[in-house]
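Coordinates as given in my_file-v5.cif (mmCIF, C-alpha atoms):
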```cif
data_protein
#
loop_
_atom_site.label_atom_id
_atom_site.label_comp_id
_atom_site.auth_asym_id
_atom_site.auth_seq_id
_atom_site.Cartn_x
_atom_site.Cartn_y
_atom_site.Cartn_z
CA MET C 1 67.95 114.11 110.39
CA TRP C 2 68.87 112.40 107.13
CA SER C 3 66.15 111.17 104.77
CA ASP C 4 65.95 107.60 103.46
CA ALA C 5 67.02 108.84 100.04
CA GLU C 6 70.14 110.49 101.44
CA LEU C 7 71.05 107.35 103.38
CA ASP C 8 70.57 105.23 100.27
CA GLU C 9 72.86 107.51 98.30
CA ALA C 10 75.44 107.55 101.10
CA LEU C 11 75.56 103.78 101.30
CA ALA C 12 75.70 103.48 97.52
CA ASP C 13 78.70 105.83 97.54
CA LEU C 14 80.46 103.83 100.27
CA HIS C 15 79.76 100.50 98.54
CA SER C 16 80.18 101.54 94.94
CA GLU C 17 81.95 98.40 93.73
CA PRO C 18 80.06 96.76 90.86
CA ASP C 19 79.59 93.42 92.70
CA VAL C 20 77.58 94.84 95.64
CA ARG C 21 73.93 93.76 95.44
CA GLN C 22 70.97 95.93 96.41
CA ASP C 23 69.85 93.49 99.11
CA GLU C 24 73.29 93.87 100.72
CA LEU C 25 72.90 97.65 100.72
CA ALA C 26 69.49 97.30 102.31
CA ARG C 27 70.89 95.15 105.11
CA ALA C 28 73.73 97.65 105.58
CA LYS C 29 71.22 100.48 105.86
CA ALA C 30 69.23 98.56 108.47
CA SER C 31 72.39 97.89 110.45
CA LEU C 32 73.26 101.57 110.49
CA LEU C 33 69.87 102.44 111.98
CA ARG C 34 69.82 99.67 114.61
CA ALA C 35 70.39 100.63 118.17
CA ALA C 36 73.20 99.57 120.40
CA GLY C 37 76.84 100.20 120.33
CA GLU C 38 78.07 98.82 117.06
CA VAL C 39 81.31 99.98 115.43
CA VAL C 40 81.12 101.02 111.79
CA LEU C 41 84.31 100.97 109.75
CA LEU C 42 84.57 102.92 106.55
CA PRO C 43 86.34 100.96 103.78
CA GLU C 44 89.26 102.76 102.16
CA ALA C 45 91.54 102.42 99.18
CA ALA C 46 95.13 101.28 99.58
CA PRO C 47 97.87 103.84 100.34
CA PRO C 48 99.54 106.09 99.43
CA ALA C 49 96.62 108.15 98.13
CA VAL C 50 92.84 107.92 97.84
CA LYS C 51 90.77 109.67 95.23
CA LYS C 52 87.16 110.44 96.10
CA ARG C 53 84.45 111.79 93.85
CA PRO C 54 83.43 115.44 94.41
CA GLY C 55 81.09 115.72 97.35
CA SER C 56 81.75 112.20 98.59
CA TRP C 57 82.65 113.43 102.08
CA ARG C 58 79.06 114.70 102.51
CA TRP C 59 77.76 111.18 102.05
CA ILE C 60 80.39 109.67 104.33
CA ALA C 61 79.29 112.19 106.94
CA ALA C 62 75.68 111.17 106.34
CA ALA C 63 76.44 107.51 107.01
CA ALA C 64 78.43 108.49 110.09
CA ALA C 65 75.53 110.55 111.38
CA ALA C 66 73.17 107.61 110.92
CA ALA C 67 75.46 105.35 112.92
CA LEU C 68 75.87 107.86 115.74
CA VAL C 69 72.11 108.48 115.99
CA SER C 70 71.70 104.83 117.03
CA GLY C 71 74.39 105.14 119.71
CA GLY C 72 77.07 103.39 117.70
CA GLY C 73 80.60 104.55 116.94
CA ILE C 74 82.49 105.17 113.75
CA VAL C 75 86.15 105.06 112.79
CA ALA C 76 86.96 107.25 109.78
CA THR C 77 90.53 107.42 108.57
CA ASN C 78 91.91 109.36 105.63
CA ALA C 79 88.70 111.36 105.66
CA PHE C 80 89.70 114.57 103.88
CA VAL C 81 92.14 113.98 101.06
CA GLY C 82 93.44 116.14 98.27
CA GLU C 83 95.08 115.18 95.04
CA ASP C 84 98.29 114.33 96.92
CA GLY C 85 96.70 111.87 99.34
CA GLN C 86 96.20 112.47 103.04
CA ASP C 87 95.84 115.93 104.52
CA PRO C 88 98.68 116.46 107.03
CA ALA C 89 96.13 117.55 109.62
CA ALA C 90 94.04 114.37 109.30
CA HIS C 91 93.80 112.10 112.29
CA SER C 92 92.34 108.76 113.27
CA THR C 93 90.49 107.98 116.48
CA VAL C 94 90.08 104.45 117.81
CA ALA C 95 88.03 103.71 120.91
CA PRO C 96 89.73 101.46 123.50
CA ASP C 97 89.37 97.74 122.69
CA MET C 98 87.17 98.55 119.71
CA GLY C 99 87.55 99.19 116.03
CA PRO C 100 90.24 97.91 113.70
CA LEU C 101 92.82 97.17 116.42
CA LYS C 102 90.61 94.84 118.46
CA ASP C 103 92.12 91.80 116.70
CA LEU C 104 95.76 92.93 116.98
CA ARG C 105 97.92 90.51 118.96
CA GLY C 106 101.62 90.52 119.76
CA SER C 107 103.76 87.40 119.63
CA ASP C 108 107.35 86.36 118.92
CA LEU C 109 108.94 83.12 117.79
CA PRO C 110 110.47 81.71 121.01
CA LEU C 111 114.25 81.42 121.24
CA THR C 112 116.13 78.73 123.15
CA GLY C 113 119.80 78.62 124.06
CA LYS C 114 121.96 80.65 121.68
CA GLN C 115 119.38 81.01 118.95
CA TYR C 116 118.75 84.22 116.97
CA TRP C 117 115.90 85.87 115.13
CA LEU C 118 116.94 86.20 111.49
CA SER C 119 115.06 89.19 110.09
CA THR C 120 115.26 89.37 106.29
CA GLU C 121 114.19 92.47 104.38
CA SER C 122 113.88 92.06 100.62
CA SER C 123 113.70 95.41 98.83
CA TRP C 124 113.25 96.71 95.30
CA VAL C 125 114.82 100.16 95.23
CA THR C 126 114.05 102.60 92.40
CA TRP C 127 116.77 104.55 90.57
CA VAL C 128 116.28 107.37 88.06
CA GLY C 129 119.08 108.05 85.58
CA ARG C 130 120.72 111.45 86.01
CA LYS C 131 121.92 111.64 82.41
CA SER C 132 119.04 109.85 80.73
CA GLU C 133 115.39 109.11 81.39
CA VAL C 134 115.87 105.46 82.36
CA ILE C 135 114.07 104.19 85.47
CA TYR C 136 114.93 100.85 87.05
CA GLN C 137 114.89 98.95 90.33
CA THR C 138 117.69 97.03 92.03
CA HIS C 139 117.10 94.06 94.33
CA GLU C 140 118.61 94.54 97.79
CA ILE C 141 118.50 92.16 100.76
CA THR C 142 119.24 93.11 104.36
CA GLU C 143 119.66 90.27 106.86
CA ARG C 144 119.90 90.91 110.60
CA TRP C 145 120.78 88.28 113.21
CA LEU C 146 118.97 89.62 116.27
CA PRO C 147 119.85 88.22 119.71
CA SER C 148 117.47 87.76 122.63
CA ASP C 149 119.78 90.03 124.65
CA TRP C 150 119.70 93.52 123.17
CA GLY C 151 122.72 94.39 125.28
CA PHE C 152 124.92 93.19 122.39
CA LYS C 153 125.40 94.43 118.86
CA HIS C 154 124.07 92.23 116.07
CA LEU C 155 125.48 91.27 112.70
CA THR C 156 123.91 92.68 109.56
CA ARG C 157 124.58 91.57 105.99
CA PHE C 158 123.62 93.80 103.07
CA THR C 159 123.45 92.22 99.60
CA ARG C 160 122.77 93.97 96.32
CA THR C 161 122.04 90.98 94.12
CA GLY C 162 122.72 92.59 90.73
CA GLU C 163 119.18 91.76 89.60
CA ILE C 164 117.49 94.70 87.86
CA ARG C 165 113.91 95.45 86.88
CA TRP C 166 113.63 97.96 84.04
CA ILE C 167 110.67 100.31 84.35
CA LYS C 168 111.65 102.69 81.55
CA GLY C 169 114.50 102.17 79.11
CA ASP C 170 117.06 99.36 79.16
CA TYR C 171 120.69 98.60 79.98
CA GLU C 172 121.97 99.55 76.52
CA THR C 173 120.24 102.94 76.66
CA ALA C 174 121.63 103.63 80.13
CA LYS C 175 125.20 102.73 79.18
CA ALA C 176 125.02 104.76 75.97
CA GLN C 177 124.08 107.81 78.07
CA GLY C 178 126.95 107.20 80.48
CA GLU C 179 124.83 106.03 83.42
CA SER C 180 126.55 104.10 86.21
CA ILE C 181 124.45 101.03 87.01
CA PRO C 182 124.97 99.65 90.56
CA GLY C 183 126.54 96.22 90.52
CA ALA C 184 126.36 93.28 92.89
CA THR C 185 127.88 93.80 96.32
CA VAL C 186 127.91 92.16 99.75
CA SER C 187 128.88 93.83 103.03
CA THR C 188 128.63 92.83 106.68
CA ALA C 189 128.64 95.12 109.70
CA TRP C 190 127.98 95.20 113.42
CA GLU C 191 124.93 97.29 114.29
CA GLY C 192 123.24 98.40 117.50
CA SER C 193 124.23 100.46 120.52
CA GLY C 194 125.48 97.58 122.70
CA GLN C 195 128.90 95.98 122.95
CA ARG C 196 130.23 93.70 120.24
CA PRO C 197 130.57 90.05 121.36
CA THR C 198 134.18 89.03 122.09
CA ASN C 199 136.26 87.15 119.50
CA GLU C 200 133.95 88.17 116.68
CA PRO C 201 135.13 89.20 113.18
CA ALA C 202 135.17 92.80 112.05
CA SER C 203 132.98 94.21 109.30
CA SER C 204 133.78 93.39 105.68
CA THR C 205 132.71 94.35 102.18
CA THR C 206 132.93 92.42 98.90
CA THR C 207 132.06 94.32 95.74
CA THR C 208 131.95 93.03 92.18
CA SER C 209 131.49 96.55 90.81
CA PRO C 210 131.63 99.78 92.80
CA PRO C 211 128.16 100.84 93.99
CA PRO C 212 127.38 104.43 94.93
CA ASN C 213 127.04 105.13 98.63
CA GLY C 214 127.52 101.57 99.88
CA PRO C 215 126.00 100.83 103.34
CA VAL C 216 129.23 100.62 105.35
CA SER C 217 128.80 100.88 109.12
CA THR C 218 130.59 103.75 110.83
CA GLN C 219 129.59 102.82 114.37
CA ARG C 220 132.29 102.80 117.03
CA ASP C 221 132.96 99.90 119.38
CA GLU C 222 132.06 101.98 122.43
CA PRO C 223 128.28 102.19 122.82
CA PRO C 224 126.83 105.55 121.71
CA ARG C 225 123.78 107.02 123.38
CA SER C 226 120.66 105.06 122.45
CA ASN C 227 117.46 106.62 121.15
CA TRP C 228 114.48 105.86 118.93
CA MET C 229 116.71 105.37 115.89
CA LEU C 230 119.59 103.58 117.66
CA LEU C 231 118.03 101.08 120.02
CA SER C 232 119.41 99.49 123.16
CA LYS C 233 118.07 97.07 125.74
CA GLU C 234 117.70 99.89 128.27
CA PHE C 235 115.85 102.11 125.81
CA LEU C 236 113.39 99.39 124.73
CA GLU C 237 112.66 98.35 128.30
CA GLY C 238 112.21 101.99 129.30
CA LEU C 239 109.42 102.64 126.80
CA PRO C 240 105.90 102.49 128.30
CA THR C 241 103.33 100.02 127.00
CA ASP C 242 100.50 102.43 127.70
CA PRO C 243 99.50 103.81 124.26
CA ALA C 244 98.69 107.30 125.57
CA LYS C 245 102.05 107.66 127.35
CA LEU C 246 103.84 106.23 124.34
CA LEU C 247 102.18 108.76 122.03
CA GLU C 248 103.30 111.58 124.32
CA ARG C 249 106.91 110.40 124.05
CA LEU C 250 106.62 110.13 120.28
CA ARG C 251 105.34 113.67 120.14
CA HIS C 252 107.78 115.37 122.49
CA GLU C 253 111.13 113.53 122.44
CA SER C 254 113.19 115.62 120.03
CA LYS C 255 116.63 117.23 119.93
CA ASP C 256 115.32 120.75 119.52
CA GLY C 257 112.57 120.50 122.13
CA LYS C 258 109.85 121.09 119.54
CA GLU C 259 106.89 118.78 119.02
CA ASN C 260 107.67 116.13 116.42
CA THR C 261 105.93 116.17 113.06
CA ALA C 262 103.85 113.22 111.88
CA PRO C 263 106.62 112.00 109.48
CA LYS C 264 109.15 112.12 112.33
CA MET C 265 106.86 110.15 114.66
CA PHE C 266 106.29 107.65 111.86
CA ASP C 267 110.05 107.11 111.41
CA MET C 268 110.61 106.76 115.16
CA ALA C 269 107.84 104.18 115.48
CA LEU C 270 108.97 102.20 112.43
CA SER C 271 112.52 102.03 113.80
CA VAL C 272 111.25 100.36 116.96
CA MET C 273 108.70 98.18 115.17
CA ARG C 274 111.44 96.76 112.90
CA SER C 275 113.74 95.89 115.78
CA SER C 276 111.62 95.06 118.83
CA HIS C 277 111.69 91.27 118.59
CA GLY C 278 110.95 89.99 122.08
CA TYR C 279 108.90 93.11 122.96
CA SER C 280 105.47 92.17 121.59
CA ASP C 281 103.49 94.27 124.10
CA LEU C 282 105.49 97.32 123.05
CA ARG C 283 104.71 96.74 119.37
CA VAL C 284 100.98 96.49 120.09
CA ALA C 285 101.12 99.68 122.16
CA LEU C 286 102.97 101.51 119.37
CA CYS C 287 100.26 100.56 116.88
CA LYS C 288 97.56 101.84 119.23
CA ALA C 289 99.51 105.04 119.78
CA LEU C 290 99.93 105.63 116.04
CA ALA C 291 96.21 105.05 115.50
CA ASN C 292 95.64 108.26 117.47
CA ALA C 293 98.57 110.26 116.08
CA PRO C 294 97.59 113.37 114.08
CA GLY C 295 98.68 113.15 110.45
CA ILE C 296 99.10 109.35 110.39
CA THR C 297 96.52 107.28 108.51
CA LEU C 298 95.40 103.84 109.68
CA GLU C 299 94.20 101.41 107.00
CA THR C 300 92.39 98.16 107.86
CA ASN C 301 91.54 96.57 104.52
CA VAL C 302 95.07 95.30 103.76
CA THR C 303 96.93 91.99 103.82
CA THR C 304 100.56 90.96 104.01
CA SER C 305 102.43 89.82 100.90
CA ASP C 306 101.39 86.24 101.73
CA ASN C 307 97.74 87.23 102.29
CA ARG C 308 97.60 87.31 106.10
CA PRO C 309 95.25 89.87 107.72
CA ALA C 310 97.05 93.12 108.45
CA ILE C 311 96.77 96.83 109.12
CA SER C 312 98.92 99.63 107.75
CA PHE C 313 100.05 103.11 108.75
CA SER C 314 100.85 105.84 106.25
CA VAL C 315 102.16 109.39 106.43
CA ARG C 316 102.64 112.08 103.81
CA ASP C 317 105.99 113.84 103.94
CA THR C 318 107.18 116.80 101.87
CA ASP C 319 108.07 114.77 98.79
CA GLN C 320 106.87 111.24 99.49
CA THR C 321 104.26 109.07 101.19
CA LYS C 322 105.56 106.32 103.47
CA THR C 323 103.72 103.19 104.61
CA PHE C 324 104.36 100.17 106.79
CA VAL C 325 102.23 97.04 107.16
CA VAL C 326 101.72 95.17 110.45
CA ASP C 327 100.68 91.51 110.78
CA LEU C 328 97.55 91.36 112.96
CA ALA C 329 98.57 88.00 114.49
CA THR C 330 102.06 89.04 115.67
CA ALA C 331 102.26 92.87 115.54
CA HIS C 332 105.47 92.45 113.51
CA VAL C 333 106.21 94.67 110.52
CA ALA C 334 105.52 92.62 107.40
CA GLY C 335 106.62 95.27 104.92
CA TYR C 336 107.26 98.95 104.35
CA SER C 337 107.44 101.21 101.32
CA ALA C 338 107.66 104.77 100.06
CA ALA C 339 106.40 106.47 96.91
CA ARG C 340 106.70 109.98 95.52
CA ASN C 341 103.69 112.18 96.11
CA ARG C 342 101.15 112.56 93.33
CA SER C 343 102.04 116.24 93.13
CA ASP C 344 105.64 115.41 92.14
CA PRO C 345 106.25 117.36 88.92
CA SER C 346 108.54 114.74 87.39
CA PHE C 347 107.55 111.31 88.69
CA PRO C 348 104.12 111.44 90.36
CA GLY C 349 103.39 108.31 92.39
CA LEU C 350 106.67 106.60 91.46
CA SER C 351 107.73 103.90 93.93
CA ILE C 352 110.90 104.78 95.87
CA HIS C 353 111.26 101.36 97.49
CA GLU C 354 109.11 98.33 98.30
CA THR C 355 110.25 96.04 101.12
CA THR C 356 108.89 92.77 102.48
CA VAL C 357 110.00 91.49 105.89
CA THR C 358 110.18 87.90 107.16
CA THR C 359 111.51 86.44 110.43
CA GLN C 360 112.76 82.95 111.25
CA ILE C 361 114.79 81.28 113.99
CA THR C 362 118.40 80.23 113.38
CA ASP C 363 121.20 78.72 115.45
CA ARG C 364 123.75 80.82 113.55
CA GLU C 365 124.76 84.23 114.83
CA GLY C 366 125.65 85.57 111.40
CA PRO C 367 126.44 84.68 107.79
#
```
Output the file's structure as structure tokens, nothing else.
Amino acid sequence: MWSDAELDEALADLHSEPDVRQDELARAKASLLRAAGEVVLLPEAAPPAVKKRPGSWRWIAAAAAAALVSGGGIVATNAFVGEDGQDPAAHSTVAPDMGPLKDLRGSDLPLTGKQYWLSTESSWVTWVGRKSEVIYQTHEITERWLPSDWGFKHLTRFTRTGEIRWIKGDYETAKAQGESIPGATVSTAWEGSGQRPTNEPASSTTTTSPPPNGPVSTQRDEPPRSNWMLLSKEFLEGLPTDPAKLLERLRHESKDGKENTAPKMFDMALSVMRSSHGYSDLRVALCKALANAPGITLETNVTTSDNRPAISFSVRDTDQTKTFVVDLATAHVAGYSAARNRSDPSFPGLSIHETTVTTQITDREGP
């Protein structure tokens, strides 16, 4: 049994912000000790990593114990963390219809006639000079005209705007060291595993200066086999909307027959979440499945770029931590990002890319 002093210290540790009043802590303590089935959520810092003071887990455990004594439940994510962020073995547990996902809803903008969902991803991508120490970001925009019928390919336009944010150094320094700075470019391509609509133009690329590794589609006209990373109508409709069954497929569907790692499951889920317009129940089920996936961290104290309530999922890979944000009102991805791990010897915590996602309805099927 925990003493009043230990509970006070635990709550003080959990609510250590300077604007928390003592009367608020007292009410929180009383709530912890009340009977009857309440859910207690532990507040967390934003991804990719959380630093906790030495011994803080003891006090989190104390607060958890107090809640469980009264018959309540507790959701604790990102519990044990090291200097690099989340422990790969960490795992979140969410009771059915309780906890941070109780307010998650799935919805799509309705299409009529030959309308399309225009999904626009605006990204700032980080580059590190190979010959110098300059660090900068380029602005890249990916637009996808998604049809209601996933049996067809869809048009995608990639634009590198030429706009640059300098993090370290400047253009003159980079050029003096012989760095090649990516220029503005625009390319269009057909994407997806379905058939291309008849009488439609082929892919094209317009470049004002040659960029390295331009995103040119290499997909063939005949439909390849669909999977988590190359979606088709049949694949999307074949996925279960039961979170437990969906988690089993995330874990076990692999080329080598081995159980998928947390980063692999994260990538598989994000691929579907980005491109499952019209499948709102599936998006909700994927979020519930990920909330119970070992090695994936669920965060609840986040908002979208335009301040709408959201949740996020993060995973720590070998050299980076990846995150995506989900709008609570629609279960659509509102953004995704990646940053180097804090243990990176050269650029600890450096952003790799930051992407915001918006969706609107259009009568046009492409640019």
To test your reading of the syntax: which residues would the PyMOL selection byres ((chain C and resi 118) around 8) return for the file shown? Reply as number ranges by chain.
C: 116-117, 119-120, 143-146, 359-362
Excluding Lys114 in chain C and residues on its chain fewer than 2 positions from it, collect all residues at most 10 Å away from it, counting only C-alpha atoms, and give them as an mmCIF file with C-alpha atoms, in the frame of the given file.
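Everything below was put into selection25.cif:
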```
data_model
loop_
_atom_site.group_PDB
_atom_site.id
_atom_site.type_symbol
_atom_site.label_atom_id
_atom_site.label_comp_id
_atom_site.auth_asym_id
_atom_site.auth_seq_id
_atom_site.Cartn_x
_atom_site.Cartn_y
_atom_site.Cartn_z
ATOM 1 C CA LEU C 111 114.250 81.420 121.240
ATOM 2 C CA THR C 112 116.130 78.730 123.150
ATOM 3 C CA TYR C 116 118.750 84.220 116.970
ATOM 4 C CA PRO C 147 119.850 88.220 119.710
ATOM 5 C CA SER C 148 117.470 87.760 122.630
ATOM 6 C CA THR C 362 118.400 80.230 113.380
ATOM 7 C CA ASP C 363 121.200 78.720 115.450
ATOM 8 C CA ARG C 364 123.750 80.820 113.550
ATOM 9 C CA GLU C 365 124.760 84.230 114.830
#
```
Specify as a CSV table (one decimal) with C-alpha atoms, keeping the file's coordinate frame each residue included when the PyMOL selection byres ((chain C and resi 314) around 7) is applied to this file.
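The resulting file, part-v8.csv, is reproduced below:
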```
chain,number,residue,atom,x,y,z
C,47,PRO,CA,97.9,103.8,100.3
C,48,PRO,CA,99.5,106.1,99.4
C,296,ILE,CA,99.1,109.4,110.4
C,297,THR,CA,96.5,107.3,108.5
C,298,LEU,CA,95.4,103.8,109.7
C,312,SER,CA,98.9,99.6,107.8
C,313,PHE,CA,100.0,103.1,108.8
C,315,VAL,CA,102.2,109.4,106.4
C,316,ARG,CA,102.6,112.1,103.8
C,321,THR,CA,104.3,109.1,101.2
C,322,LYS,CA,105.6,106.3,103.5
C,323,THR,CA,103.7,103.2,104.6
C,324,PHE,CA,104.4,100.2,106.8
```
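Distance check against Ser351 in chain C using only C-alpha atoms: of C:Ser123, C:Glu191, C:Thr142, C:Lys102, the minimum falls on C:Ser123.
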Result set of the PyMOL selection byres ((chain C and resi 319) around 9) on the coordinates above, as a PyMOL selection string:
chain C and resi 316-318+320-321+339-341+343-344
Of the candidates C:Asp306, C:Glu354, C:Glu163, C:Glu121, which shows the shortest atom-to-atom distance to His139 in chain C, using only C-alpha atoms?
C:Glu163
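Going from CA of Thr126 in chain C to CA of Ile181 in chain C covers 11.8 Å.
Close to (107.2, 112.0, 112.4), meaning no more than 10 Å away when counting only C-alpha atoms, sit the residues Leu250, Arg251, Glu259, Asn260, Thr261, Ala262, Pro263, Lys264, Met265, Phe266, Asp267, Met268, Ala269, Leu270, Ala293, Pro294, Gly295, Ile296, Val315, Arg316 and Asp317 of chain C.
Residue nearest His277 in chain C within the list C:Pro243, C:Gly366, C:Pro110, C:Pro345: C:Pro110 [criterion: smallest interatomic distance, all atoms listed in the file].
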Which polymer residues have any atom within 9 Å of an atom of Ala174 in chain C, counting only C-alpha atoms, with same-chain residues fewer than 2 positions away left out, as a PyMOL selection string?
chain C and resi 129+131-134+169-172+176-181
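CA of Gly335 in chain C sits 9.0 Å away from CA of Ser122 in chain C.
Atom pair CA of Pro367 in chain C / CA of Gly113 in chain C: separated by 18.6 Å.
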Close residues, Ala285 in chain C itself excluded, 10 Å, only C-alpha atoms, min 3 positions apart in chain, as an MDAnalysis selection string
chainID C and resid 106 239:247 280:282 288:291 331
Take the selection from the previous step and output its residues with C-alpha atoms, as a PDB file, keeping the file's coordinate frame.
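Result file part_0.pdb:
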```pdb
ATOM      1  CA  GLY C 106     101.620  90.520 119.760  1.00  0.00           C
ATOM      2  CA  LEU C 239     109.420 102.640 126.800  1.00  0.00           C
ATOM      3  CA  PRO C 240     105.900 102.490 128.300  1.00  0.00           C
ATOM      4  CA  THR C 241     103.330 100.020 127.000  1.00  0.00           C
ATOM      5  CA  ASP C 242     100.500 102.430 127.700  1.00  0.00           C
ATOM      6  CA  PRO C 243      99.500 103.810 124.260  1.00  0.00           C
ATOM      7  CA  ALA C 244      98.690 107.300 125.570  1.00  0.00           C
ATOM      8  CA  LYS C 245     102.050 107.660 127.350  1.00  0.00           C
ATOM      9  CA  LEU C 246     103.840 106.230 124.340  1.00  0.00           C
ATOM     10  CA  LEU C 247     102.180 108.760 122.030  1.00  0.00           C
ATOM     11  CA  SER C 280     105.470  92.170 121.590  1.00  0.00           C
ATOM     12  CA  ASP C 281     103.490  94.270 124.100  1.00  0.00           C
ATOM     13  CA  LEU C 282     105.490  97.320 123.050  1.00  0.00           C
ATOM     14  CA  LYS C 288      97.560 101.840 119.230  1.00  0.00           C
ATOM     15  CA  ALA C 289      99.510 105.040 119.780  1.00  0.00           C
ATOM     16  CA  LEU C 290      99.930 105.630 116.040  1.00  0.00           C
ATOM     17  CA  ALA C 291      96.210 105.050 115.500  1.00  0.00           C
ATOM     18  CA  ALA C 331     102.260  92.870 115.540  1.00  0.00           C
TER      19      ALA C 331
END
```
